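Text of the file final-v6.cif, holding mmCIF, C-alpha atoms:
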```
data_model
#
loop_
_atom_site.label_atom_id
_atom_site.label_comp_id
_atom_site.auth_asym_id
_atom_site.auth_seq_id
_atom_site.Cartn_x
_atom_site.Cartn_y
_atom_site.Cartn_z
CA MET A 1 2.33 -38.65 -42.83
CA PRO A 2 4.83 -41.44 -43.34
CA THR A 3 3.65 -44.89 -42.37
CA ASP A 4 5.51 -48.15 -42.83
CA GLU A 5 6.20 -51.23 -40.76
CA SER A 6 8.60 -49.32 -38.52
CA LEU A 7 6.68 -46.05 -38.26
CA SER A 8 3.15 -45.17 -37.27
CA LEU A 9 1.82 -41.64 -37.16
CA HIS A 10 -1.82 -40.72 -36.57
CA LEU A 11 -3.11 -37.40 -37.88
CA VAL A 12 -5.27 -35.20 -35.76
CA LYS A 13 -8.18 -34.01 -37.91
CA LYS A 14 -8.00 -30.30 -37.42
CA ALA A 15 -7.19 -27.31 -39.58
CA PRO A 16 -3.64 -25.96 -39.29
CA ALA A 17 -3.05 -22.82 -37.27
CA SER A 18 -1.29 -21.20 -40.22
CA PRO A 19 -2.48 -22.41 -43.66
CA VAL A 20 0.10 -23.91 -45.96
CA ARG A 21 0.00 -24.24 -49.74
CA TYR A 22 1.84 -27.36 -50.85
CA CYS A 23 4.07 -27.91 -53.85
CA PRO A 24 3.93 -31.69 -54.42
CA VAL A 25 7.15 -33.31 -55.59
CA ARG A 26 7.13 -36.78 -57.14
CA ARG A 27 10.04 -38.84 -58.36
CA SER A 28 9.04 -38.14 -61.94
CA ASN A 29 9.65 -34.42 -61.55
CA CYS A 30 12.19 -34.16 -58.73
CA VAL A 31 15.01 -33.51 -61.23
CA LEU A 32 13.45 -30.12 -62.03
CA PRO A 33 15.02 -27.02 -60.43
CA LEU A 34 13.72 -26.20 -56.98
CA LYS A 35 11.28 -23.33 -56.95
CA GLU A 36 11.50 -20.30 -54.71
CA LEU A 37 8.93 -20.92 -51.98
CA SER A 38 6.76 -18.08 -50.76
CA ILE A 39 6.14 -17.72 -47.02
CA ASP A 40 2.93 -19.75 -47.18
CA GLU A 41 4.32 -22.58 -49.35
CA ALA A 42 6.08 -25.84 -48.55
CA TYR A 43 7.13 -28.98 -50.40
CA ALA A 44 5.07 -32.14 -50.02
CA VAL A 45 6.70 -35.55 -50.56
CA SER A 46 5.64 -39.14 -50.12
CA ASP A 47 8.60 -40.48 -48.12
CA PHE A 48 11.83 -39.65 -46.32
CA GLU A 49 13.99 -40.70 -49.26
CA LEU A 50 12.43 -38.12 -51.55
CA ALA A 51 12.74 -35.51 -48.81
CA GLU A 52 16.47 -36.27 -48.59
CA GLU A 53 16.85 -35.80 -52.35
CA LEU A 54 15.36 -32.35 -52.06
CA ILE A 55 17.44 -31.42 -49.02
CA ALA A 56 20.67 -32.53 -50.72
CA ARG A 57 19.79 -30.13 -53.54
CA GLY A 58 19.31 -27.21 -51.16
CA ALA A 59 15.72 -27.43 -49.91
CA ASP A 60 15.12 -26.44 -46.30
CA SER A 61 14.18 -29.48 -44.19
CA ALA A 62 11.92 -27.23 -42.12
CA ARG A 63 9.70 -26.64 -45.16
CA ILE A 64 8.99 -30.22 -46.23
CA ALA A 65 5.83 -32.16 -45.34
CA ILE A 66 6.16 -35.94 -45.53
CA SER A 67 3.03 -37.96 -46.25
CA PRO A 68 2.41 -41.28 -48.08
CA HIS A 69 -0.81 -39.91 -49.54
CA ASP A 70 -1.27 -38.35 -52.93
CA SER A 71 -0.65 -34.67 -53.53
CA ALA A 72 -4.08 -33.28 -52.71
CA GLU A 73 -3.70 -30.49 -50.17
CA THR A 74 -6.34 -32.01 -47.91
CA GLN A 75 -3.99 -34.91 -47.22
CA TYR A 76 -1.38 -32.62 -45.62
CA LEU A 77 -3.62 -30.79 -43.17
CA GLY A 78 -1.81 -32.50 -40.31
CA TYR A 79 1.00 -29.96 -40.74
CA ALA A 80 0.90 -26.35 -39.59
CA GLN A 81 3.40 -23.51 -39.58
CA VAL A 82 4.79 -21.98 -36.42
CA ALA A 83 4.55 -18.65 -38.25
CA ALA A 84 4.53 -17.52 -41.85
CA GLY A 85 7.69 -18.76 -43.54
CA LYS A 86 8.78 -20.78 -40.50
CA GLN A 87 9.12 -24.52 -39.92
CA LEU A 88 6.25 -26.94 -40.35
CA VAL A 89 4.91 -28.79 -37.33
CA PRO A 90 3.07 -32.13 -37.66
CA ALA A 91 -0.20 -32.56 -35.79
CA SER A 92 1.32 -35.55 -34.00
CA PRO A 93 4.98 -36.47 -33.44
CA PHE A 94 6.62 -39.19 -35.50
CA ASP A 95 6.46 -42.53 -33.69
CA PHE A 96 8.99 -45.07 -35.01
CA LYS A 97 7.86 -47.75 -32.56
CA GLN A 98 11.37 -47.99 -31.13
CA SER A 99 12.76 -47.19 -27.72
CA ILE A 100 14.66 -43.92 -28.19
CA VAL A 101 16.37 -41.53 -25.80
CA ILE A 102 17.88 -38.11 -26.47
CA VAL A 103 20.81 -37.17 -24.23
CA LEU A 104 20.89 -33.42 -23.53
CA PRO A 105 23.97 -32.19 -21.63
CA THR A 106 23.28 -28.85 -19.94
CA TYR A 107 25.28 -26.16 -18.23
CA ASN A 108 23.52 -22.82 -17.76
CA GLU A 109 20.81 -23.62 -20.31
CA ARG A 110 17.77 -22.52 -18.32
CA ALA A 111 16.77 -20.07 -21.06
CA ASN A 112 16.54 -22.86 -23.65
CA LEU A 113 15.66 -26.07 -21.83
CA GLU A 114 11.88 -25.94 -21.45
CA ALA A 115 11.34 -24.67 -24.99
CA LEU A 116 13.56 -27.40 -26.43
CA VAL A 117 11.86 -30.19 -24.49
CA SER A 118 8.53 -28.92 -25.79
CA ALA A 119 9.82 -28.67 -29.37
CA ILE A 120 11.27 -32.18 -29.34
CA GLY A 121 7.88 -33.51 -28.28
CA GLN A 122 6.28 -31.94 -31.35
CA TYR A 123 8.44 -33.96 -33.74
CA LEU A 124 9.41 -37.28 -32.16
CA VAL A 125 8.12 -39.81 -29.65
CA THR A 126 11.19 -40.26 -27.47
CA ASP A 127 12.51 -40.15 -23.93
CA ILE A 128 14.80 -37.28 -22.96
CA LEU A 129 17.67 -37.47 -20.51
CA ILE A 130 18.90 -34.12 -19.22
CA VAL A 131 22.46 -34.35 -17.89
CA ASP A 132 23.11 -31.27 -15.81
CA ASP A 133 26.55 -30.34 -14.50
CA ASN A 134 25.33 -28.43 -11.42
CA SER A 135 24.43 -25.31 -13.43
CA PRO A 136 24.52 -22.18 -11.25
CA ASP A 137 21.63 -20.62 -13.20
CA GLY A 138 19.10 -23.18 -11.96
CA THR A 139 18.96 -25.42 -15.03
CA GLY A 140 19.02 -28.52 -12.83
CA GLU A 141 16.05 -27.36 -10.77
CA LEU A 142 14.08 -26.62 -13.96
CA ALA A 143 15.02 -30.07 -15.29
CA ASP A 144 13.56 -31.65 -12.14
CA GLN A 145 10.34 -29.69 -12.60
CA LEU A 146 10.06 -30.87 -16.22
CA SER A 147 10.70 -34.45 -15.13
CA CYS A 148 7.87 -34.26 -12.60
CA LYS A 149 5.57 -32.81 -15.24
CA HIS A 150 6.49 -35.14 -18.13
CA GLY A 151 6.96 -38.89 -17.72
CA HIS A 152 9.34 -39.13 -20.70
CA VAL A 153 11.81 -36.60 -19.24
CA HIS A 154 14.57 -37.86 -16.94
CA VAL A 155 17.37 -36.04 -15.14
CA LEU A 156 20.91 -37.03 -14.26
CA HIS A 157 22.63 -34.60 -11.89
CA ARG A 158 26.42 -34.36 -11.84
CA SER A 159 28.30 -32.59 -9.07
CA LYS A 160 30.45 -30.32 -11.24
CA LYS A 161 31.29 -29.23 -14.75
CA GLU A 162 33.88 -31.59 -16.28
CA GLY A 163 33.39 -31.02 -19.98
CA LEU A 164 31.14 -32.19 -22.77
CA GLY A 165 32.72 -35.64 -23.10
CA PRO A 166 32.21 -36.79 -19.49
CA ALA A 167 28.64 -35.45 -19.53
CA TYR A 168 27.79 -37.45 -22.63
CA LEU A 169 29.56 -40.54 -21.30
CA ALA A 170 27.47 -40.36 -18.11
CA GLY A 171 24.34 -40.04 -20.26
CA PHE A 172 25.36 -42.93 -22.50
CA LYS A 173 26.07 -45.15 -19.50
CA TRP A 174 22.64 -44.32 -18.05
CA SER A 175 21.00 -45.09 -21.39
CA LEU A 176 22.83 -48.39 -21.90
CA GLN A 177 21.60 -49.56 -18.50
CA ARG A 178 18.07 -49.25 -19.90
CA ASN A 179 16.33 -50.80 -22.87
CA TYR A 180 16.85 -48.13 -25.54
CA ASN A 181 17.39 -49.12 -29.16
CA LEU A 182 18.64 -45.72 -30.30
CA ILE A 183 20.59 -43.09 -28.38
CA ILE A 184 20.65 -39.55 -29.77
CA GLU A 185 22.85 -36.66 -28.78
CA MET A 186 22.08 -33.01 -29.51
CA ASP A 187 22.83 -29.55 -28.17
CA CYS A 188 20.41 -27.81 -25.82
CA ASP A 189 20.62 -24.41 -27.53
CA PHE A 190 18.54 -25.03 -30.70
CA SER A 191 21.70 -25.23 -32.82
CA HIS A 192 20.32 -28.61 -33.90
CA ALA A 193 16.81 -28.39 -35.34
CA PRO A 194 14.22 -30.54 -33.53
CA TRP A 195 12.39 -31.07 -36.84
CA ASP A 196 15.43 -32.96 -38.15
CA LEU A 197 15.10 -35.62 -35.44
CA PRO A 198 12.73 -37.87 -37.47
CA ARG A 199 15.17 -37.74 -40.39
CA LEU A 200 18.01 -38.78 -38.10
CA VAL A 201 16.04 -41.73 -36.72
CA HIS A 202 14.81 -42.83 -40.14
CA ARG A 203 18.37 -42.90 -41.52
CA SER A 204 19.48 -45.08 -38.58
CA ARG A 205 17.67 -47.99 -40.24
CA THR A 206 20.69 -48.33 -42.56
CA ALA A 207 23.56 -47.05 -40.39
CA ASP A 208 25.03 -47.74 -36.97
CA LEU A 209 25.92 -44.08 -36.52
CA VAL A 210 24.17 -41.18 -38.24
CA ILE A 211 25.86 -37.77 -38.04
CA GLY A 212 23.99 -34.57 -38.76
CA SER A 213 26.52 -32.99 -41.11
CA ARG A 214 27.17 -29.40 -42.11
CA TYR A 215 29.64 -30.41 -44.81
CA VAL A 216 27.77 -32.76 -47.14
CA PRO A 217 25.55 -31.53 -50.01
CA GLY A 218 22.53 -29.80 -48.52
CA GLY A 219 24.23 -29.08 -45.20
CA GLY A 220 25.43 -25.73 -43.97
CA THR A 221 25.54 -23.18 -41.18
CA GLU A 222 23.44 -20.13 -40.34
CA ASN A 223 24.24 -16.99 -38.34
CA TRP A 224 27.95 -17.79 -38.23
CA ASN A 225 30.56 -15.10 -38.66
CA ALA A 226 33.64 -15.63 -40.81
CA SER A 227 35.90 -16.54 -37.89
CA ARG A 228 33.50 -19.23 -36.65
CA ARG A 229 33.32 -20.77 -40.13
CA PHE A 230 37.11 -20.62 -40.42
CA VAL A 231 37.68 -22.39 -37.09
CA SER A 232 35.16 -25.12 -37.90
CA ARG A 233 36.48 -25.74 -41.42
CA CYS A 234 40.09 -25.77 -40.23
CA GLY A 235 39.22 -28.13 -37.40
CA ASN A 236 37.59 -30.67 -39.69
CA THR A 237 40.42 -30.35 -42.22
CA TYR A 238 42.96 -30.93 -39.45
CA VAL A 239 41.15 -34.06 -38.29
CA SER A 240 40.84 -35.36 -41.85
CA LEU A 241 44.58 -35.00 -42.42
CA PHE A 242 45.20 -37.50 -39.63
CA LEU A 243 42.10 -39.70 -39.60
CA GLY A 244 40.99 -39.58 -43.23
CA SER A 245 38.10 -38.05 -45.14
CA THR A 246 35.62 -40.89 -44.71
CA ILE A 247 33.66 -38.49 -42.50
CA ARG A 248 33.14 -34.91 -43.64
CA ASP A 249 31.88 -33.45 -40.36
CA TRP A 250 34.02 -35.05 -37.67
CA THR A 251 33.06 -32.55 -34.98
CA GLY A 252 29.29 -32.56 -35.52
CA GLY A 253 27.36 -33.15 -32.29
CA PHE A 254 23.92 -34.06 -33.68
CA ARG A 255 24.06 -37.86 -33.81
CA CYS A 256 22.09 -41.08 -33.53
CA TYR A 257 23.84 -44.22 -32.28
CA ARG A 258 22.52 -47.72 -32.36
CA ARG A 259 22.69 -49.26 -28.92
CA ASP A 260 24.96 -52.13 -30.01
CA LEU A 261 27.59 -49.76 -31.36
CA LEU A 262 27.86 -47.73 -28.16
CA ALA A 263 27.97 -50.95 -26.14
CA ARG A 264 31.01 -52.12 -28.15
CA MET A 265 32.93 -48.86 -27.85
CA ASN A 266 34.54 -49.50 -24.46
CA LEU A 267 33.44 -46.05 -23.33
CA GLU A 268 35.36 -46.31 -20.05
CA THR A 269 38.59 -45.70 -21.99
CA VAL A 270 37.45 -42.58 -23.87
CA ARG A 271 39.99 -39.84 -23.27
CA ALA A 272 38.51 -36.64 -24.70
CA LYS A 273 36.87 -34.05 -22.46
CA GLY A 274 35.76 -31.24 -24.79
CA TYR A 275 34.37 -31.07 -28.30
CA ILE A 276 37.05 -33.43 -29.61
CA PHE A 277 34.97 -36.10 -27.86
CA GLN A 278 32.85 -36.19 -31.03
CA VAL A 279 35.92 -36.98 -33.12
CA GLU A 280 37.05 -39.75 -30.81
CA LEU A 281 33.69 -41.54 -30.87
CA ALA A 282 33.41 -41.29 -34.66
CA TRP A 283 36.97 -42.62 -34.96
CA ARG A 284 36.16 -45.51 -32.65
CA ALA A 285 33.04 -46.30 -34.69
CA LEU A 286 35.09 -46.54 -37.89
CA ARG A 287 37.69 -48.74 -36.22
CA LEU A 288 34.89 -51.10 -35.16
CA GLY A 289 33.75 -51.37 -38.76
CA ALA A 290 30.46 -49.59 -38.06
CA GLY A 291 28.32 -48.19 -40.83
CA VAL A 292 28.57 -44.39 -40.55
CA ASP A 293 26.30 -42.10 -42.56
CA GLU A 294 26.03 -38.32 -42.74
CA LEU A 295 22.73 -36.50 -43.00
CA PRO A 296 22.73 -32.88 -44.22
CA ILE A 297 21.60 -30.36 -41.61
CA ARG A 298 21.64 -26.61 -41.24
CA PHE A 299 23.46 -25.74 -38.05
CA CYS A 300 22.17 -22.49 -36.54
CA ASP A 301 24.18 -20.59 -33.95
CA ARG A 302 22.59 -20.34 -30.52
CA ILE A 303 20.15 -17.52 -29.81
CA GLU A 304 20.07 -17.69 -25.99
CA GLY A 305 23.10 -18.20 -23.75
CA GLN A 306 26.80 -18.26 -24.52
CA SER A 307 28.88 -20.65 -26.61
CA LYS A 308 31.07 -23.01 -24.58
CA LEU A 309 33.68 -23.53 -27.31
CA GLY A 310 36.96 -22.10 -26.03
CA TRP A 311 40.69 -22.24 -26.62
CA GLN A 312 41.02 -25.13 -24.19
CA SER A 313 38.87 -27.29 -26.49
CA ILE A 314 40.94 -26.25 -29.52
CA ALA A 315 44.19 -27.06 -27.72
CA GLU A 316 42.82 -30.47 -26.72
CA ALA A 317 41.94 -31.19 -30.35
CA LEU A 318 45.42 -30.26 -31.57
CA ALA A 319 46.97 -32.69 -29.10
CA GLU A 320 44.53 -35.60 -29.16
CA VAL A 321 43.95 -36.11 -32.89
CA PRO A 322 47.59 -37.09 -33.64
CA LYS A 323 47.41 -39.52 -30.70
CA MET A 324 44.39 -41.21 -32.28
CA TYR A 325 46.29 -41.48 -35.55
CA TYR A 326 49.31 -43.14 -33.95
CA LEU A 327 47.13 -45.45 -31.86
CA GLY A 328 45.49 -46.47 -35.11
CA LEU A 329 48.84 -47.26 -36.68
CA ARG A 330 49.84 -49.39 -33.69
CA GLY A 331 46.52 -51.24 -33.82
CA ARG A 332 46.93 -52.39 -37.43
#
```
Can the structure from this file be put into structure tokens for me?
Amino acid sequence: MPTDESLSLHLVKKAPASPVRYCPVRRSNCVLPLKELSIDEAYAVSDFELAEELIARGADSARIAISPHDSAETQYLGYAQVAAGKQLVPASPFDFKQSIVIVLPTYNERANLEALVSAIGQYLVTDILIVDDNSPDGTGELADQLSCKHGHVHVLHRSKKEGLGPAYLAGFKWSLQRNYNLIIEMDCDFSHAPWDLPRLVHRSRTADLVIGSRYVPGGGTENWNASRRFVSRCGNTYVSLFLGSTIRDWTGGFRCYRRDLLARMNLETVRAKGYIFQVELAWRALRLGAGVDELPIRFCDRIEGQSKLGWQSIAEALAEVPKMYYLGLRGR
């Protein structure tokens, strides 16, 4: 497991539930072609940086064990597989010794919420803030039950559904009123992999904003049909035409913000309501001179529930992006 001055992880000495055979990768041989892993194999690396090299070349982040020890298999017994060929799970979550909160906006996510809270806890020591917009399916009531059961889970109830942007802004305001160093946003439908959370936090050491990106080397999408890919690609191309190509995945919603950056963003003036909210905050970060980095992720379409991306969000994007561009011109 990775250990450095900012990260401490203690292994539980027990055999994994599903045995894993490791393929150690060192810097001396990482230029070799990636091998085809069998269902009981995974890569083993000594640090996050080497893991990122593999991921950028196409390795699956779910199949990489990170440990500072040498390559002997006995050193990686802290990892187990959920099932054959599935993601690895560390014996203990990564603890970066920082105050972290994950903001989870929910609306009719009862089918996903408890499983996601549990999964997050397997990979990262963090608080979780559930922001529920009065879900009619009982998500808010389940969130309260989880909060009573787990001390790191908090709930913010909102009276009605107003869109993704206002839900995140309410969560950010709540987080800024408390002593969190890092504030993470992610979807509640498993589109964003919980096992990528430690990577996101680790990268934040060198960036004010880290975006989990589908459109940098190593990133991608899974279970998307052609129309979904087309809409996403066109949306990011449209934004880039106005706001530039500094960011490849403008609309990505898996992010880690440093507290100071969010505090400087003047969030009270944010205009966007829907998914274009992600574009506006990234644009504001760049205008503030923040360091923005993109981390490759594989975005998987939701399994439970229904997507909340609709034509209203697309129409908002078409109207708001040119406004950001012209505001930028006026601010020069």
* To do: Have a look at A:Leu288, A:Val153, A:Cys188, A:Ile100 and name the one nearest to Ala263 in chain A; count all atoms listed in the file.
  =>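 Closest to Ala263 in chain A, using all atoms listed in the file: A:Leu288.
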Please identify all polymer residues within 9 Å of range 33-37 of chain A, counting all atoms listed in the file, omitting same-chain residues fewer than 6 positions from it, and present them as a PDB file with C-alpha atoms, in the coordinates of the input.
```pdb
ATOM      1  CA  CYS A  23       4.070 -27.910 -53.850  1.00  0.00           C
ATOM      2  CA  TYR A  43       7.130 -28.980 -50.400  1.00  0.00           C
ATOM      3  CA  LEU A  54      15.360 -32.350 -52.060  1.00  0.00           C
ATOM      4  CA  ARG A  57      19.790 -30.130 -53.540  1.00  0.00           C
ATOM      5  CA  GLY A  58      19.310 -27.210 -51.160  1.00  0.00           C
ATOM      6  CA  ALA A  59      15.720 -27.430 -49.910  1.00  0.00           C
ATOM      7  CA  ARG A  63       9.700 -26.640 -45.160  1.00  0.00           C
ATOM      8  CA  GLY A  85       7.690 -18.760 -43.540  1.00  0.00           C
TER       9      GLY A  85
END
```
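Interatomic distance, CA of Leu169 in chain A against CA of Leu209 in chain A: 16.0 Å.
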At a cut-off of 9 Å around the point (47.0, -40.8, -38.7) (file coordinates), what residues fall inside when counting all atoms listed in the file? I'd like the answer as a compact mmCIF listing (two decimals) with C-alpha atoms, in the frame of the given file.
```txt
# COMPACT_ATOMS: atom_id res chain seq x y z
CA VAL A 239 41.15 -34.06 -38.29
CA SER A 240 40.84 -35.36 -41.85
CA LEU A 241 44.58 -35.00 -42.42
CA PHE A 242 45.20 -37.50 -39.63
CA LEU A 243 42.10 -39.70 -39.60
CA GLY A 244 40.99 -39.58 -43.23
CA VAL A 321 43.95 -36.11 -32.89
CA PRO A 322 47.59 -37.09 -33.64
CA LYS A 323 47.41 -39.52 -30.70
CA MET A 324 44.39 -41.21 -32.28
CA TYR A 325 46.29 -41.48 -35.55
CA TYR A 326 49.31 -43.14 -33.95
CA LEU A 327 47.13 -45.45 -31.86
CA GLY A 328 45.49 -46.47 -35.11
CA LEU A 329 48.84 -47.26 -36.68
```
Given 8 Å of margin on each side, can you work out the centre and size in Å (one decimal) of an axis-aligned box holding every listed atom of range 149-156 of chain A, as JSON?
```
{"center_x": 13.2, "center_y": -36.0, "center_z": -17.5, "size_x": 31.3, "size_y": 22.3, "size_z": 22.4}
```
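Among the candidate residues A:Lys97, A:Arg298, A:His157, A:Arg284, the one lying nearest to His192 in chain A is A:Arg298, with distances computed using only C-alpha atoms.
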* To do: Please evaluate the PyMOL selection byres ((chain A and resi 140-143) around 9) against the structure above and give the resulting residues as a ChimeraX atom specification.
  => /A:106-108,110,113-114,130-139,144-148,153-157
* Which distance in Å separates CA of Glu53 in chain A and CA of Arg199 in chain A, to one decimal? ->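 We find that CA of Glu53 in chain A and CA of Arg199 in chain A lie 12.2 Å from each other.
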* Decode the PyMOL selection byres ((chain A and resi 214-225) around 9) for the given file into explicit residues and return them as a PyMOL selection string. => chain A and resi 52+54-60+212-213+226-230+233+248-249+252+294-302
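Going from CA of Tyr275 in chain A over to CA of Val231 in chain A, you cover 12.8 Å.
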* If the PyMOL selection byres ((chain A and resi 83) around 12) is run on the structure shown, which residues does it catch, given as a PyMOL selection string? -> chain A and resi 16-20+39-41+62-63+80-82+84-89
* Asked: Taking all atoms listed in the file into account, which of A:Glu162, A:Ala193, A:Ala44, A:Ala317 comes nearest Trp250 in chain A?
  ->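 Going through A:Glu162, A:Ala193, A:Ala44, A:Ala317 one by one, the smallest distance to Trp250 in chain A is for A:Ala317.
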* To do: Write out as number ranges by chain which residues come within 12 Å of range 268-270 of chain A when counting only C-alpha atoms, dropping same-chain ones fewer than 3 positions away.
  => A: 165-166, 168-170, 172-173, 262-265, 273-274, 276-284, 320, 324
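Counting only C-alpha atoms, the residue from A:Thr246, A:Ser99, A:Ser191, A:Ser38 that sits nearest to Thr126 in chain A is A:Ser99.
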* **Distance query Cys256 in chain A at most 12 Å, all atoms listed in the file, self and fewer than 6 positions along chain excluded, as number ranges by chain** => A: 100-103, 172, 180-186, 196-213, 262, 281-282, 291-295
Once you've located range 255-269 of chain A in the structure I gave, write it as a PDB file, in the first residue's frame, keeping N, CA, C and O atoms.
```
ATOM      1  N   ARG A 255     -14.878  15.376  -9.751  1.00  0.00           N
ATOM      2  CA  ARG A 255     -13.893  16.435  -9.552  1.00  0.00           C
ATOM      3  C   ARG A 255     -13.453  16.540  -8.101  1.00  0.00           C
ATOM      4  O   ARG A 255     -14.201  16.187  -7.185  1.00  0.00           O
ATOM      5  N   CYS A 256     -12.249  17.078  -7.919  1.00  0.00           N
ATOM      6  CA  CYS A 256     -11.730  17.372  -6.592  1.00  0.00           C
ATOM      7  C   CYS A 256     -11.238  18.817  -6.574  1.00  0.00           C
ATOM      8  O   CYS A 256     -10.352  19.179  -7.360  1.00  0.00           O
ATOM      9  N   TYR A 257     -11.838  19.624  -5.706  1.00  0.00           N
ATOM     10  CA  TYR A 257     -11.472  21.033  -5.569  1.00  0.00           C
ATOM     11  C   TYR A 257     -10.690  21.248  -4.279  1.00  0.00           C
ATOM     12  O   TYR A 257     -11.050  20.699  -3.226  1.00  0.00           O
ATOM     13  N   ARG A 258      -9.665  22.047  -4.363  1.00  0.00           N
ATOM     14  CA  ARG A 258      -9.069  22.533  -3.129  1.00  0.00           C
ATOM     15  C   ARG A 258      -9.992  23.585  -2.527  1.00  0.00           C
ATOM     16  O   ARG A 258     -10.624  24.366  -3.244  1.00  0.00           O
ATOM     17  N   ARG A 259     -10.047  23.601  -1.225  1.00  0.00           N
ATOM     18  CA  ARG A 259     -10.932  24.513  -0.518  1.00  0.00           C
ATOM     19  C   ARG A 259     -10.725  25.969  -0.945  1.00  0.00           C
ATOM     20  O   ARG A 259     -11.689  26.705  -1.199  1.00  0.00           O
ATOM     21  N   ASP A 260      -9.457  26.399  -1.029  1.00  0.00           N
ATOM     22  CA  ASP A 260      -9.167  27.795  -1.338  1.00  0.00           C
ATOM     23  C   ASP A 260      -9.727  28.209  -2.686  1.00  0.00           C
ATOM     24  O   ASP A 260     -10.171  29.348  -2.863  1.00  0.00           O
ATOM     25  N   LEU A 261      -9.698  27.296  -3.656  1.00  0.00           N
ATOM     26  CA  LEU A 261     -10.217  27.633  -4.977  1.00  0.00           C
ATOM     27  C   LEU A 261     -11.720  27.872  -4.922  1.00  0.00           C
ATOM     28  O   LEU A 261     -12.211  28.891  -5.437  1.00  0.00           O
ATOM     29  N   LEU A 262     -12.465  26.972  -4.309  1.00  0.00           N
ATOM     30  CA  LEU A 262     -13.914  27.175  -4.218  1.00  0.00           C
ATOM     31  C   LEU A 262     -14.247  28.454  -3.454  1.00  0.00           C
ATOM     32  O   LEU A 262     -15.190  29.169  -3.806  1.00  0.00           O
ATOM     33  N   ALA A 263     -13.458  28.749  -2.424  1.00  0.00           N
ATOM     34  CA  ALA A 263     -13.720  29.942  -1.620  1.00  0.00           C
ATOM     35  C   ALA A 263     -13.526  31.215  -2.435  1.00  0.00           C
ATOM     36  O   ALA A 263     -14.142  32.253  -2.130  1.00  0.00           O
ATOM     37  N   ARG A 264     -12.684  31.163  -3.460  1.00  0.00           N
ATOM     38  CA  ARG A 264     -12.412  32.358  -4.285  1.00  0.00           C
ATOM     39  C   ARG A 264     -13.340  32.481  -5.485  1.00  0.00           C
ATOM     40  O   ARG A 264     -13.264  33.449  -6.235  1.00  0.00           O
ATOM     41  N   MET A 265     -14.228  31.543  -5.664  1.00  0.00           N
ATOM     42  CA  MET A 265     -15.029  31.492  -6.897  1.00  0.00           C
ATOM     43  C   MET A 265     -16.265  32.376  -6.887  1.00  0.00           C
ATOM     44  O   MET A 265     -16.960  32.462  -7.901  1.00  0.00           O
ATOM     45  N   ASN A 266     -16.580  32.999  -5.749  1.00  0.00           N
ATOM     46  CA  ASN A 266     -17.783  33.828  -5.682  1.00  0.00           C
ATOM     47  C   ASN A 266     -18.999  33.022  -6.143  1.00  0.00           C
ATOM     48  O   ASN A 266     -19.716  33.377  -7.086  1.00  0.00           O
ATOM     49  N   LEU A 267     -19.240  31.917  -5.451  1.00  0.00           N
ATOM     50  CA  LEU A 267     -20.252  30.958  -5.873  1.00  0.00           C
ATOM     51  C   LEU A 267     -21.664  31.540  -5.883  1.00  0.00           C
ATOM     52  O   LEU A 267     -22.547  31.012  -6.569  1.00  0.00           O
ATOM     53  N   GLU A 268     -21.882  32.616  -5.135  1.00  0.00           N
ATOM     54  CA  GLU A 268     -23.220  33.221  -5.111  1.00  0.00           C
ATOM     55  C   GLU A 268     -23.644  33.734  -6.480  1.00  0.00           C
ATOM     56  O   GLU A 268     -24.835  33.924  -6.732  1.00  0.00           O
ATOM     57  N   THR A 269     -22.685  33.987  -7.363  1.00  0.00           N
ATOM     58  CA  THR A 269     -23.016  34.548  -8.681  1.00  0.00           C
ATOM     59  C   THR A 269     -23.060  33.497  -9.781  1.00  0.00           C
ATOM     60  O   THR A 269     -23.232  33.847 -10.950  1.00  0.00           O
TER      61      THR A 269
END
```
